[in-house]
Amino acid sequence: MNELASEGNRSCVGCRQRDEREVLLRFVADGSALAPDIRRRKDGRGVSVHPRYRCVDAAVRSGALRRALSLTGEQNLSARELSSSAASQYARRAEGLLASGRRARKLALGTEAVRTAIGTHSIQLLLIAGDAEGSRDELRDAAERLGRSCLVWNTKQELGRLFGRATLSVVGILDAGIATELRHVVRCATELAEDA
Ligand SMILES: [Zn+2]
């Protein structure tokens with residue numbers, strides 16, 4: 001049968017369901033080991049799995065990951081290690097997106113700047129540190145009234161570090177493209193860390 005509709009799709013080797021290749025996590029054979037390739041750019045034989053712990057775990061347990069890449073080594077694959085190295089790649093990508101947003105002047109840093117961006121409807125996504133306090137709920141409600149989503153990610157200190165500040169509680173993303181990709185990579189990093 002000709003399956004034109006699913007040409008851009010791949011099967012997750014964990015749960016076996018098909019999904020768009022862009023939302024799936026690719027692993028490539030790297031010598032006798034496996035490496036995550038979240039931007040799908042590396043050469044070599046690859047395999048796709050949903051970027052969430054339970055699919056990586058299922059793919060390791062069933063042997064599907066090893067078979068799909070014809071891995072012959074005796075090394076043990078660890079779903080926990082594979083998930084955490086992929087989660088770090090997604091986190092680094094999120095940091096890279098924030099850095100390019102900053103260079104393009106498409107970020108609002110801190111409560112006052114975010115409040116202004118919400119007021120002028122220029123905000124696309126609100127990123128809130130997991131340990132943010134104070135105006136967090138007010139800003140989230142205001143962004144949601146505009147139909148903009150919110151992400152909770154990282155800590156005030158870590159967000160601050162990215163921007164040369166002691167702490168940073170909220171970042172407004174003003175660019176739609178950056179917002180879309182950031183939402184995806186942060187969700188992936190979060191779901192890979194959940195080993196439930
Ligand atoms: Zn899956």
# chains A, B, ... in the order shown; residues from 1 in each chain; ligands from 1
$ closest_atom_pairs --of "chain A" --to "ligand 1" --cutoff "7 Å" --atoms "only C-alpha atoms and all ligand atoms" --output "Markdown table"
| residue | atom | partner | partner_atom_place_in_ligand_line | distance |
| --- | --- | --- | --- | --- |
| A:Cys12 | CA | ligand 1 | 1 (Zn) | 4.6 |
| A:Val13 | CA | ligand 1 | 1 (Zn) | 6.6 |
| A:Gly14 | CA | ligand 1 | 1 (Zn) | 4.8 |
| A:Cys15 | CA | ligand 1 | 1 (Zn) | 4.0 |
| A:Arg16 | CA | ligand 1 | 1 (Zn) | 6.1 |
| A:Gln17 | CA | ligand 1 | 1 (Zn) | 6.0 |
| A:Val49 | CA | ligand 1 | 1 (Zn) | 5.5 |
| A:His50 | CA | ligand 1 | 1 (Zn) | 4.3 |
| A:Cys55 | CA | ligand 1 | 1 (Zn) | 4.6 |
$ write_last_selection --atoms "C-alpha atoms" --output "PDB file, in the first residue's frame"
ATOM      1  CA  CYS A  12       8.938   4.954  17.645  1.00  0.00           C
ATOM      2  CA  VAL A  13      10.896   1.793  18.440  1.00  0.00           C
ATOM      3  CA  GLY A  14       9.627   2.019  22.014  1.00  0.00           C
ATOM      4  CA  CYS A  15       5.830   2.180  21.681  1.00  0.00           C
ATOM      5  CA  ARG A  16       5.676   1.355  17.928  1.00  0.00           C
ATOM      6  CA  GLN A  17       3.392   4.275  17.161  1.00  0.00           C
ATOM      7  CA  VAL A  49      11.966   7.096  19.610  1.00  0.00           C
ATOM      8  CA  HIS A  50       9.579   9.432  21.386  1.00  0.00           C
ATOM      9  CA  CYS A  55       9.584   4.998  25.244  1.00  0.00           C
TER      10      CYS A  55
END
$ closest_atom_pairs --of "range 8-121 of chain A" --to "range 186-196 of chain A" --cutoff "6 Å" --atoms "only C-alpha atoms" --output "CSV"
residue,atom,partner,partner_atom,distance
A:Pro51,CA,A:Cys188,CA,5.5
A:Arg52,CA,A:Leu192,CA,4.4
A:Tyr53,CA,A:Leu192,CA,4.6
A:Ser83,CA,A:Leu192,CA,5.5
A:Ala87,CA,A:Ala189,CA,4.4
A:Tyr90,CA,A:Ala189,CA,5.5
$ write_last_selection --atoms "all heavy atoms" --output "PDB file, in the first residue's frame"
ATOM      1  N   PRO A  51      10.652  11.276  22.547  1.00  0.00           N
ATOM      2  CA  PRO A  51      11.543  11.851  23.549  1.00  0.00           C
ATOM      3  C   PRO A  51      10.911  11.824  24.939  1.00  0.00           C
ATOM      4  O   PRO A  51      10.615  12.857  25.524  1.00  0.00           O
ATOM      5  CB  PRO A  51      11.763  13.287  23.044  1.00  0.00           C
ATOM      6  CG  PRO A  51      10.559  13.585  22.226  1.00  0.00           C
ATOM      7  CD  PRO A  51      10.070  12.293  21.669  1.00  0.00           C
ATOM      8  N   ARG A  52      10.668  10.624  25.436  1.00  0.00           N
ATOM      9  CA  ARG A  52      10.175  10.499  26.808  1.00  0.00           C
ATOM     10  C   ARG A  52      10.714   9.210  27.386  1.00  0.00           C
ATOM     11  O   ARG A  52      10.953   8.240  26.657  1.00  0.00           O
ATOM     12  CB  ARG A  52       8.650  10.555  26.865  1.00  0.00           C
ATOM     13  CG  ARG A  52       7.971   9.544  26.010  1.00  0.00           C
ATOM     14  CD  ARG A  52       6.456   9.767  25.988  1.00  0.00           C
ATOM     15  NE  ARG A  52       5.836   8.796  25.120  1.00  0.00           N
ATOM     16  CZ  ARG A  52       4.881   9.070  24.232  1.00  0.00           C
ATOM     17  NH1 ARG A  52       4.420  10.291  24.104  1.00  0.00           N
ATOM     18  NH2 ARG A  52       4.376   8.116  23.483  1.00  0.00           N
ATOM     19  N   TYR A  53      10.901   9.240  28.684  1.00  0.00           N
ATOM     20  CA  TYR A  53      11.597   8.137  29.320  1.00  0.00           C
ATOM     21  C   TYR A  53      10.954   6.782  29.046  1.00  0.00           C
ATOM     22  O   TYR A  53      11.653   5.803  28.760  1.00  0.00           O
ATOM     23  CB  TYR A  53      11.723   8.374  30.837  1.00  0.00           C
ATOM     24  CG  TYR A  53      12.506   7.278  31.496  1.00  0.00           C
ATOM     25  CD1 TYR A  53      13.901   7.271  31.428  1.00  0.00           C
ATOM     26  CD2 TYR A  53      11.862   6.219  32.117  1.00  0.00           C
ATOM     27  CE1 TYR A  53      14.632   6.246  31.981  1.00  0.00           C
ATOM     28  CE2 TYR A  53      12.585   5.176  32.674  1.00  0.00           C
ATOM     29  CZ  TYR A  53      13.971   5.198  32.610  1.00  0.00           C
ATOM     30  OH  TYR A  53      14.691   4.179  33.144  1.00  0.00           O
ATOM     31  N   SER A  83      18.559   8.507  28.234  1.00  0.00           N
ATOM     32  CA  SER A  83      17.590   9.588  28.444  1.00  0.00           C
ATOM     33  C   SER A  83      18.269  10.823  28.983  1.00  0.00           C
ATOM     34  O   SER A  83      17.977  11.941  28.560  1.00  0.00           O
ATOM     35  CB  SER A  83      16.497   9.165  29.435  1.00  0.00           C
ATOM     36  OG  SER A  83      15.767   8.101  28.905  1.00  0.00           O
ATOM     37  N   ALA A  87      18.457  14.372  27.308  1.00  0.00           N
ATOM     38  CA  ALA A  87      17.891  15.521  28.031  1.00  0.00           C
ATOM     39  C   ALA A  87      18.911  16.659  28.108  1.00  0.00           C
ATOM     40  O   ALA A  87      18.553  17.827  27.968  1.00  0.00           O
ATOM     41  CB  ALA A  87      17.436  15.108  29.429  1.00  0.00           C
ATOM     42  N   TYR A  90      18.946  18.443  24.818  1.00  0.00           N
ATOM     43  CA  TYR A  90      17.791  19.340  24.678  1.00  0.00           C
ATOM     44  C   TYR A  90      17.979  20.593  25.531  1.00  0.00           C
ATOM     45  O   TYR A  90      17.636  21.699  25.119  1.00  0.00           O
ATOM     46  CB  TYR A  90      16.499  18.624  25.090  1.00  0.00           C
ATOM     47  CG  TYR A  90      15.956  17.689  24.031  1.00  0.00           C
ATOM     48  CD1 TYR A  90      15.898  16.322  24.243  1.00  0.00           C
ATOM     49  CD2 TYR A  90      15.474  18.184  22.815  1.00  0.00           C
ATOM     50  CE1 TYR A  90      15.392  15.449  23.279  1.00  0.00           C
ATOM     51  CE2 TYR A  90      14.956  17.322  21.846  1.00  0.00           C
ATOM     52  CZ  TYR A  90      14.926  15.962  22.088  1.00  0.00           C
ATOM     53  OH  TYR A  90      14.427  15.124  21.128  1.00  0.00           O
TER      54      TYR A  90
END
$ residues_around --residues "Thr180 in chain A" --least-positions-apart "2" --cutoff "12 Å" --atoms "only C-alpha atoms" --output "PyMOL selection string"
chain A and resi 23+94+97+124-126+148-151+173-178+182-187
$ residues_around --residues "Val60 in chain A" --least-positions-apart "4" --cutoff "7 Å" --atoms "only C-alpha atoms" --output "PyMOL selection string"
chain A and resi 56+64-65+77+79
$ atom_distance --atom1 "CA of Asp131 in chain A" --atom2 "CA of Leu25 in chain A"
28.4 Å
$ select_by_dssp --residues "range 93-157 of chain A" --states "helix (DSSP H, G or I)" --output "ChimeraX atom specification"
/A:93-103,111-119,136-145,156-157
$ select_by_dssp --residues "range 110-195 of chain A" --states "strand (DSSP E or B)" --output "list in words"
Leu125, Leu126, Leu127, Ile128, Ser149, Cys150, Leu151, Val152, Val170, Val171, Gly172 and Ile173 of chain A
$ closest_residue --among "A:Ala86, A:Ser78, A:Glu20, A:Leu159" --to "Ala35 in chain A" --atoms "only C-alpha atoms"
A:Ala86
$ residues_around --residues "Gly172 in chain A" --least-positions-apart "6" --cutoff "8 Å" --atoms "only C-alpha atoms" --output "number ranges by chain"
A: 107-109, 113-114, 117, 123-127
$ residues_around --residues "Arg165 in chain A" --least-positions-apart "5" --cutoff "12 Å" --atoms "only C-alpha atoms" --output "list in words"
Leu109, Gly110, Lys156, Gln157, Glu158, Leu159 and Gly160 of chain A
$ write_last_selection --atoms "all heavy atoms" --output "PDB file, in the first residue's frame"
ATOM      1  N   LEU A 109      13.651  40.321  29.594  1.00  0.00           N
ATOM      2  CA  LEU A 109      14.277  39.723  30.772  1.00  0.00           C
ATOM      3  C   LEU A 109      13.777  40.385  32.048  1.00  0.00           C
ATOM      4  O   LEU A 109      13.899  41.605  32.206  1.00  0.00           O
ATOM      5  CB  LEU A 109      15.800  39.854  30.687  1.00  0.00           C
ATOM      6  CG  LEU A 109      16.486  39.216  29.473  1.00  0.00           C
ATOM      7  CD1 LEU A 109      17.997  39.415  29.557  1.00  0.00           C
ATOM      8  CD2 LEU A 109      16.148  37.733  29.385  1.00  0.00           C
ATOM      9  N   GLY A 110      13.210  39.582  32.932  1.00  0.00           N
ATOM     10  CA  GLY A 110      12.790  40.104  34.225  1.00  0.00           C
ATOM     11  C   GLY A 110      11.340  40.568  34.224  1.00  0.00           C
ATOM     12  O   GLY A 110      10.717  40.768  33.173  1.00  0.00           O
ATOM     13  N   LYS A 156      16.027  30.000  39.122  1.00  0.00           N
ATOM     14  CA  LYS A 156      16.350  31.428  39.004  1.00  0.00           C
ATOM     15  C   LYS A 156      17.847  31.636  38.805  1.00  0.00           C
ATOM     16  O   LYS A 156      18.282  32.476  38.030  1.00  0.00           O
ATOM     17  CB  LYS A 156      15.947  32.168  40.297  1.00  0.00           C
ATOM     18  CG  LYS A 156      14.469  32.327  40.478  1.00  0.00           C
ATOM     19  CD  LYS A 156      14.163  33.224  41.667  1.00  0.00           C
ATOM     20  CE  LYS A 156      14.486  32.546  42.980  1.00  0.00           C
ATOM     21  NZ  LYS A 156      13.993  33.292  44.159  1.00  0.00           N
ATOM     22  N   GLN A 157      18.634  30.840  39.544  1.00  0.00           N
ATOM     23  CA  GLN A 157      20.083  31.002  39.465  1.00  0.00           C
ATOM     24  C   GLN A 157      20.632  30.591  38.101  1.00  0.00           C
ATOM     25  O   GLN A 157      21.483  31.254  37.526  1.00  0.00           O
ATOM     26  CB  GLN A 157      20.750  30.162  40.549  1.00  0.00           C
ATOM     27  CG  GLN A 157      21.567  31.010  41.471  1.00  0.00           C
ATOM     28  CD  GLN A 157      22.191  30.221  42.600  1.00  0.00           C
ATOM     29  OE1 GLN A 157      21.934  29.023  42.743  1.00  0.00           O
ATOM     30  NE2 GLN A 157      22.995  30.883  43.390  1.00  0.00           N
ATOM     31  N   GLU A 158      20.112  29.449  37.599  1.00  0.00           N
ATOM     32  CA  GLU A 158      20.590  28.961  36.298  1.00  0.00           C
ATOM     33  C   GLU A 158      20.172  29.910  35.179  1.00  0.00           C
ATOM     34  O   GLU A 158      20.947  30.167  34.259  1.00  0.00           O
ATOM     35  CB  GLU A 158      20.060  27.547  36.042  1.00  0.00           C
ATOM     36  CG  GLU A 158      20.846  26.472  36.778  1.00  0.00           C
ATOM     37  CD  GLU A 158      22.306  26.440  36.343  1.00  0.00           C
ATOM     38  OE1 GLU A 158      22.554  26.285  35.141  1.00  0.00           O
ATOM     39  OE2 GLU A 158      23.184  26.611  37.208  1.00  0.00           O
ATOM     40  N   LEU A 159      18.935  30.392  35.224  1.00  0.00           N
ATOM     41  CA  LEU A 159      18.506  31.355  34.203  1.00  0.00           C
ATOM     42  C   LEU A 159      19.341  32.627  34.308  1.00  0.00           C
ATOM     43  O   LEU A 159      19.751  33.203  33.295  1.00  0.00           O
ATOM     44  CB  LEU A 159      17.012  31.693  34.354  1.00  0.00           C
ATOM     45  CG  LEU A 159      16.007  30.671  33.817  1.00  0.00           C
ATOM     46  CD1 LEU A 159      14.586  31.177  34.008  1.00  0.00           C
ATOM     47  CD2 LEU A 159      16.262  30.358  32.349  1.00  0.00           C
ATOM     48  N   GLY A 160      19.630  33.045  35.531  1.00  0.00           N
ATOM     49  CA  GLY A 160      20.455  34.230  35.730  1.00  0.00           C
ATOM     50  C   GLY A 160      21.833  34.045  35.125  1.00  0.00           C
ATOM     51  O   GLY A 160      22.359  34.923  34.436  1.00  0.00           O
TER      52      GLY A 160
END
